[in-house]
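Read the structure below first, then the notes.
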Amino acid sequence: MIRFETVEKDYGDVKALRGVSFEVPCGGIVGLLGPNGAGKTTALRIMTGFLEPTAGQVFLDDQPFTPDSVEARRRIGYLPESAPLYGDMFAWDYLVYEARLHGLDPSERVPQVVRQVGLASHVHKPIRELSKGYRQRVGLAHALLHDPEILVLDEPTSGLDPNQILEVRALIRRIAETKTVILSTHIMQEVAALCRRVVVIHQGQVRFQGLLEDFSLGGGVTGGMPVRMVLAGIDPVVLLKRLEAIPGVERVELLEPGRDGIGVYPDPSAVIVRVFPRAGLEVRPELAREALSSELYEIVQEQSSLEDVFHALTREVHHG
C-alpha cells in the first residue's frame, strides 16, 4: 500500500501539491485524475522517488519512503508520459542494456517482459521506427524488467490512435491481474474502462478518493449537479427568468418533452427545465421555494456522467 500524508511540493512560489493525503491499496487499478496542471505528474514523480516532497511524508506499507530508498525503487516500476527511449537502438538491445543496469540477467528477464507486453514481432527493429503504441510497449517492458509489485503509468494512452488505445488498455488489465497499477489520466473513458478506485486532484489538492462506483454517483458533490424540475401553472419565459435570478444558478435550459432525453409528461401544460448550479452549490431548497407560486410535480438531481462529476469536482468555485 502507498500512502501520502499531507504531502506538499513547491517550485519556488508555485505550490504544485498542497497537503495531499490519499491511499492506494494493494491490487487492481487506481486512477489518479485531474485536469492538466493539477499536480498528477508531480504526485507520481514523488511516488516513484524522482522528486522529494517539500513537506509531508510518503509511506510504502507503513514504512517511510525516501527517494534514495533502494527497497522502494525495487518494488515500483514507472512509465512517464514520454518514455526516455534511445531511438537508434533496437528494442531488444535497449531492454538488454537496461536489464544489465538493474543488475538482472538479460537472458531471463528480457524474453519474459517481451512476451508479457506483446512486443515479440517488433523487438528487432530500431525504436525510432516503431509506432507510438509499440514505443509504449517498449516503455512498459522497461518498467517491468525488475518485476515490481507496483506499476505507475503517467497518461499511458496519450497520443495513441483508437486501436492502439484499446490494445494498451487490454495490456494494462492483464498486468493488473498480478500487480497494483496506478495510472494518471484526465480521460473519463479510460477511468470507466480500467479503474476500480480513483483519486481526483485539482489545484494541488485531493478533491475525491474512493471507489469508482461512489465517484460515478457524484463523488460526494452535494451541489453543482444539474437539477430537473417539472412544474405547471406558470409561463415558461417567466419561470426561466425567476430561476436564473436565484443566487448560485449558472444557467437554466427549457426541455422539450419527447426530446432532450425527456419522456412525455402526462400533463400537457407541464414545463420541464434543467437547472445548472455553480460549482459546489446546493440550490434545490431555493428552487423549491421559487416553485411555491406554481404547481411543482418534480424536482430531482439528475444522474450524472463521469464527465459531469469530474467537471463538478475540478471547476472553479464562485460564490454569490
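Lettering and numbering for the C-alpha cells are positional, with chains as A, B, ... in the shown order, residues counted from 1 in each chain, and ligands counted from 1 in the shown order.
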request  = Apply DSSP to the backbone of this structure and, from stretch 101-263 of chain A, keep only the residues in strand (DSSP E); write these as a PyMOL selection string.
outcome  = chain A and resi 150-154+180-185+197-202+205-211+227-232+249-255
A:Gly233 surroundings by only C-alpha atoms, 8 Å radius, close-in-sequence under 4 positions cut, as a PDB file with C-alpha atoms, in the first residue's frame:
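Saved file result.pdb follows:
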ATOM      1  CA  SER A 269     -49.214  22.008 -19.710  1.00  0.00           C
ATOM      2  CA  ALA A 270     -46.161  20.907 -17.692  1.00  0.00           C
ATOM      3  CA  SER A 294     -46.910  27.230  -9.227  1.00  0.00           C
ATOM      4  CA  GLU A 295     -47.661  23.520  -9.132  1.00  0.00           C
TER       5      GLU A 295
END
Stretch 37-141 of chain A near stretch 185-203 of chain A within 8 Å: what's each residue's closest atom pair and its distance in Å to one decimal, counting only C-alpha atoms, ordered by chain then ascending residue number, as a tab-separated table?
residue	atom	partner	partner_atom	distance
A:Gly37	CA	A:Gln203	CA	7.5
A:Ala38	CA	A:His202	CA	4.7
A:Gly39	CA	A:Ile201	CA	6.8
A:Lys40	CA	A:Ile201	CA	6.8
inquiry  = I want to know what sits within 10 Å of A:Gln116, based on only C-alpha atoms, with residues of the same chain fewer than 6 positions away left out; could you give that as a ChimeraX atom specification?
reply    = /A:110,137,140-141,144,171,174-175
Can you spit out the residues from that selection as a PDB file, in the first residue's frame, using N, CA and C atoms?
ATOM      1  N   VAL A 110      14.516 -10.336 -20.171  1.00  0.00           N
ATOM      2  CA  VAL A 110      14.106  -9.680 -21.418  1.00  0.00           C
ATOM      3  C   VAL A 110      13.093 -10.519 -22.194  1.00  0.00           C
ATOM      4  N   ARG A 137       4.878   0.092 -25.562  1.00  0.00           N
ATOM      5  CA  ARG A 137       5.136  -1.278 -25.105  1.00  0.00           C
ATOM      6  C   ARG A 137       6.597  -1.451 -24.673  1.00  0.00           C
ATOM      7  N   LEU A 140       6.798   0.100 -21.314  1.00  0.00           N
ATOM      8  CA  LEU A 140       6.197  -0.791 -20.323  1.00  0.00           C
ATOM      9  C   LEU A 140       7.134  -1.954 -19.994  1.00  0.00           C
ATOM     10  N   ALA A 141       7.736  -2.535 -21.030  1.00  0.00           N
ATOM     11  CA  ALA A 141       8.668  -3.638 -20.808  1.00  0.00           C
ATOM     12  C   ALA A 141       9.822  -3.184 -19.917  1.00  0.00           C
ATOM     13  N   LEU A 144       8.795  -2.943 -16.354  1.00  0.00           N
ATOM     14  CA  LEU A 144       8.512  -4.249 -15.759  1.00  0.00           C
ATOM     15  C   LEU A 144       9.749  -5.123 -15.592  1.00  0.00           C
ATOM     16  N   LEU A 171      -3.626  -4.574 -22.343  1.00  0.00           N
ATOM     17  CA  LEU A 171      -2.340  -4.929 -21.756  1.00  0.00           C
ATOM     18  C   LEU A 171      -2.292  -4.520 -20.281  1.00  0.00           C
ATOM     19  N   ARG A 174      -4.233  -6.946 -18.144  1.00  0.00           N
ATOM     20  CA  ARG A 174      -3.502  -8.201 -17.916  1.00  0.00           C
ATOM     21  C   ARG A 174      -2.434  -8.011 -16.842  1.00  0.00           C
ATOM     22  N   ILE A 175      -1.708  -6.908 -16.914  1.00  0.00           N
ATOM     23  CA  ILE A 175      -0.663  -6.634 -15.923  1.00  0.00           C
ATOM     24  C   ILE A 175      -1.271  -6.512 -14.525  1.00  0.00           C
TER      25      ILE A 175
END
Fewer than 5 positions away in the same chain doesn't count, so skip those; otherwise give me all residues within 7 Å of A:Val123, counting only C-alpha atoms, as a PDB file with C-alpha atoms, in the first residue's frame.
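New file result_6.pdb:
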ATOM      1  CA  PHE A  90      16.853  -1.933 -31.391  1.00  0.00           C
ATOM      2  CA  ALA A  91      14.137  -2.579 -28.826  1.00  0.00           C
ATOM      3  CA  TRP A  92      15.792  -5.857 -27.789  1.00  0.00           C
TER       4      TRP A  92
END
task = Fewer than 3 positions away in the same chain doesn't count, so skip those; otherwise give me all residues within 7 Å of stretch 125-130 of chain A, counting only C-alpha atoms, as a PyMOL selection string.
result = chain A and resi 86-91+122+134-135
request  = Tell me, in Å to one decimal, how far atom CA of A:Leu296 is from atom CA of A:Glu250.
outcome  = 21.2 Å
request  = Write down as a ChimeraX atom specification the residues belonging to stretch 64-197 of chain A that are assigned helix (DSSP H, G or I) by DSSP computed on the backbone.
outcome  = /A:70-75,91-101,106-117,120-122,127-129,132-144,162-175,188-194
Write the residues of the selection above to a file with C-alpha atoms, as an mmCIF file, in the first residue's frame.
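selection-v4.cif, written as the output of this step:
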data_model
loop_
_atom_site.group_PDB
_atom_site.id
_atom_site.type_symbol
_atom_site.label_atom_id
_atom_site.label_comp_id
_atom_site.auth_asym_id
_atom_site.auth_seq_id
_atom_site.Cartn_x
_atom_site.Cartn_y
_atom_site.Cartn_z
ATOM 1 C CA VAL A 70 16.593 1.009 -2.746
ATOM 2 C CA GLU A 71 13.771 -1.203 -1.471
ATOM 3 C CA ALA A 72 11.089 1.223 -2.654
ATOM 4 C CA ARG A 73 12.649 1.559 -6.104
ATOM 5 C CA ARG A 74 12.823 -2.243 -6.359
ATOM 6 C CA ARG A 75 9.106 -2.540 -5.691
ATOM 7 C CA ALA A 91 14.137 -2.579 -28.826
ATOM 8 C CA TRP A 92 15.792 -5.857 -27.789
ATOM 9 C CA ASP A 93 19.205 -4.257 -27.324
ATOM 10 C CA TYR A 94 17.689 -1.417 -25.316
ATOM 11 C CA LEU A 95 15.967 -3.833 -22.929
ATOM 12 C CA VAL A 96 19.151 -5.917 -22.569
ATOM 13 C CA TYR A 97 21.076 -2.725 -21.757
ATOM 14 C CA GLU A 98 18.505 -1.641 -19.149
ATOM 15 C CA ALA A 99 18.361 -5.129 -17.604
ATOM 16 C CA ARG A 100 22.140 -5.053 -17.062
ATOM 17 C CA LEU A 101 21.849 -1.604 -15.446
ATOM 18 C CA PRO A 106 19.042 -10.263 -19.620
ATOM 19 C CA SER A 107 18.717 -13.804 -20.972
ATOM 20 C CA GLU A 108 15.966 -14.461 -18.423
ATOM 21 C CA ARG A 109 14.092 -11.189 -17.912
ATOM 22 C CA VAL A 110 14.106 -9.680 -21.418
ATOM 23 C CA PRO A 111 12.277 -12.595 -23.105
ATOM 24 C CA GLN A 112 9.768 -12.621 -20.226
ATOM 25 C CA VAL A 113 8.827 -8.937 -20.469
ATOM 26 C CA VAL A 114 8.816 -9.038 -24.283
ATOM 27 C CA ARG A 115 6.190 -11.796 -24.124
ATOM 28 C CA GLN A 116 4.329 -10.011 -21.322
ATOM 29 C CA VAL A 117 3.798 -6.804 -23.328
ATOM 30 C CA ALA A 120 7.963 -10.103 -29.906
ATOM 31 C CA SER A 121 7.153 -9.179 -33.526
ATOM 32 C CA HIS A 122 8.812 -5.732 -33.239
ATOM 33 C CA ILE A 127 12.852 2.077 -31.607
ATOM 34 C CA ARG A 128 12.532 5.224 -33.759
ATOM 35 C CA GLU A 129 10.816 3.134 -36.461
ATOM 36 C CA LYS A 132 3.748 5.260 -30.705
ATOM 37 C CA GLY A 133 1.797 2.230 -29.488
ATOM 38 C CA TYR A 134 4.809 -0.065 -29.763
ATOM 39 C CA ARG A 135 7.112 2.519 -28.226
ATOM 40 C CA GLN A 136 4.728 2.500 -25.250
ATOM 41 C CA ARG A 137 5.136 -1.278 -25.105
ATOM 42 C CA VAL A 138 8.909 -0.867 -25.017
ATOM 43 C CA GLY A 139 8.497 1.613 -22.167
ATOM 44 C CA LEU A 140 6.197 -0.791 -20.323
ATOM 45 C CA ALA A 141 8.668 -3.638 -20.808
ATOM 46 C CA HIS A 142 11.406 -1.422 -19.347
ATOM 47 C CA ALA A 143 9.230 -0.546 -16.336
ATOM 48 C CA LEU A 144 8.512 -4.249 -15.759
ATOM 49 C CA PRO A 162 -8.163 4.313 -31.101
ATOM 50 C CA ASN A 163 -6.887 0.824 -31.928
ATOM 51 C CA GLN A 164 -3.644 1.380 -30.020
ATOM 52 C CA ILE A 165 -5.610 2.694 -27.036
ATOM 53 C CA LEU A 166 -7.690 -0.500 -26.886
ATOM 54 C CA GLU A 167 -4.549 -2.645 -27.151
ATOM 55 C CA VAL A 168 -2.712 -0.770 -24.386
ATOM 56 C CA ARG A 169 -5.786 -0.882 -22.118
ATOM 57 C CA ALA A 170 -6.040 -4.647 -22.602
ATOM 58 C CA LEU A 171 -2.340 -4.929 -21.756
ATOM 59 C CA ILE A 172 -2.792 -2.855 -18.572
ATOM 60 C CA ARG A 173 -5.693 -5.104 -17.491
ATOM 61 C CA ARG A 174 -3.502 -8.201 -17.916
ATOM 62 C CA ILE A 175 -0.663 -6.634 -15.923
ATOM 63 C CA MET A 188 -13.039 9.565 -18.249
ATOM 64 C CA GLN A 189 -13.434 6.755 -20.808
ATOM 65 C CA GLU A 190 -10.106 5.421 -19.575
ATOM 66 C CA VAL A 191 -11.310 5.561 -15.994
ATOM 67 C CA ALA A 192 -14.552 3.714 -16.780
ATOM 68 C CA ALA A 193 -12.692 1.077 -18.796
ATOM 69 C CA LEU A 194 -9.885 0.363 -16.323
#
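In this comparison, which uses only C-alpha atoms, the residue of A:Ser216, A:Thr41, A:Ser21, A:Ser305 approaching A:Ile182 most closely is A:Thr41.
Our summary of the geometry notes that atom CA of A:Val237 is positioned 25.9 Å from atom CA of A:Gln303.
The smallest atom-to-atom distance between A:Tyr78 and any of A:Gly27, A:Pro148, A:Gly19, A:Gly118, using only C-alpha atoms, is found for A:Pro148.
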message = Give me, as a PyMOL selection string, all polymer residues having an atom no more than 6 Å from stretch 150-154 of chain A, counting only C-alpha atoms and skipping those fewer than 4 positions away in the same chain.
response = chain A and resi 76-81+179-184
Atoms kept (N, CA and C atoms) for selection, written as a PDB file, in the first residue's frame:
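Result written to selection.pdb:
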ATOM      1  N   ILE A  76       8.724  -0.635  -7.172  1.00  0.00           N
ATOM      2  CA  ILE A  76       7.900   0.249  -8.005  1.00  0.00           C
ATOM      3  C   ILE A  76       8.510   0.374  -9.393  1.00  0.00           C
ATOM      4  N   GLY A  77       7.688   0.229 -10.439  1.00  0.00           N
ATOM      5  CA  GLY A  77       8.092   0.495 -11.812  1.00  0.00           C
ATOM      6  C   GLY A  77       7.371   1.730 -12.313  1.00  0.00           C
ATOM      7  N   TYR A  78       8.014   2.515 -13.170  1.00  0.00           N
ATOM      8  CA  TYR A  78       7.450   3.810 -13.582  1.00  0.00           C
ATOM      9  C   TYR A  78       7.585   4.005 -15.084  1.00  0.00           C
ATOM     10  N   LEU A  79       6.478   4.333 -15.725  1.00  0.00           N
ATOM     11  CA  LEU A  79       6.486   4.721 -17.138  1.00  0.00           C
ATOM     12  C   LEU A  79       6.000   6.155 -17.244  1.00  0.00           C
ATOM     13  N   PRO A  80       6.909   7.129 -17.454  1.00  0.00           N
ATOM     14  CA  PRO A  80       6.472   8.522 -17.616  1.00  0.00           C
ATOM     15  C   PRO A  80       5.720   8.710 -18.929  1.00  0.00           C
ATOM     16  N   GLU A  81       5.059   9.859 -19.066  1.00  0.00           N
ATOM     17  CA  GLU A  81       4.261  10.112 -20.268  1.00  0.00           C
ATOM     18  C   GLU A  81       5.119  10.033 -21.527  1.00  0.00           C
ATOM     19  N   LYS A 179      -0.390  -7.289 -10.384  1.00  0.00           N
ATOM     20  CA  LYS A 179       0.284  -6.126  -9.817  1.00  0.00           C
ATOM     21  C   LYS A 179      -0.718  -5.023  -9.490  1.00  0.00           C
ATOM     22  N   THR A 180      -0.305  -4.126  -8.621  1.00  0.00           N
ATOM     23  CA  THR A 180      -1.061  -2.897  -8.403  1.00  0.00           C
ATOM     24  C   THR A 180      -0.660  -1.902  -9.483  1.00  0.00           C
ATOM     25  N   VAL A 181      -1.645  -1.313 -10.160  1.00  0.00           N
ATOM     26  CA  VAL A 181      -1.366  -0.341 -11.222  1.00  0.00           C
ATOM     27  C   VAL A 181      -1.966   1.006 -10.823  1.00  0.00           C
ATOM     28  N   ILE A 182      -1.143   2.038 -10.901  1.00  0.00           N
ATOM     29  CA  ILE A 182      -1.591   3.412 -10.661  1.00  0.00           C
ATOM     30  C   ILE A 182      -1.384   4.175 -11.954  1.00  0.00           C
ATOM     31  N   LEU A 183      -2.467   4.725 -12.501  1.00  0.00           N
ATOM     32  CA  LEU A 183      -2.315   5.463 -13.760  1.00  0.00           C
ATOM     33  C   LEU A 183      -2.940   6.839 -13.646  1.00  0.00           C
ATOM     34  N   SER A 184      -2.255   7.807 -14.209  1.00  0.00           N
ATOM     35  CA  SER A 184      -2.809   9.157 -14.241  1.00  0.00           C
ATOM     36  C   SER A 184      -3.495   9.373 -15.582  1.00  0.00           C
TER      37      SER A 184
END
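Taking only C-alpha atoms into account, A:Thr6 lies nearest to A:Val206 out of the set A:Val206, A:Leu313, A:Leu306, A:Val300.
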For atom CA of A:Met225 and atom CA of A:Asn36, the interatomic separation in Å (one decimal) = 22.3 Å
note = One residue among A:Glu298, A:Glu149, A:Asp68, A:Glu244 is nearest to A:Pro277 when using only C-alpha atoms, and that residue is A:Glu244
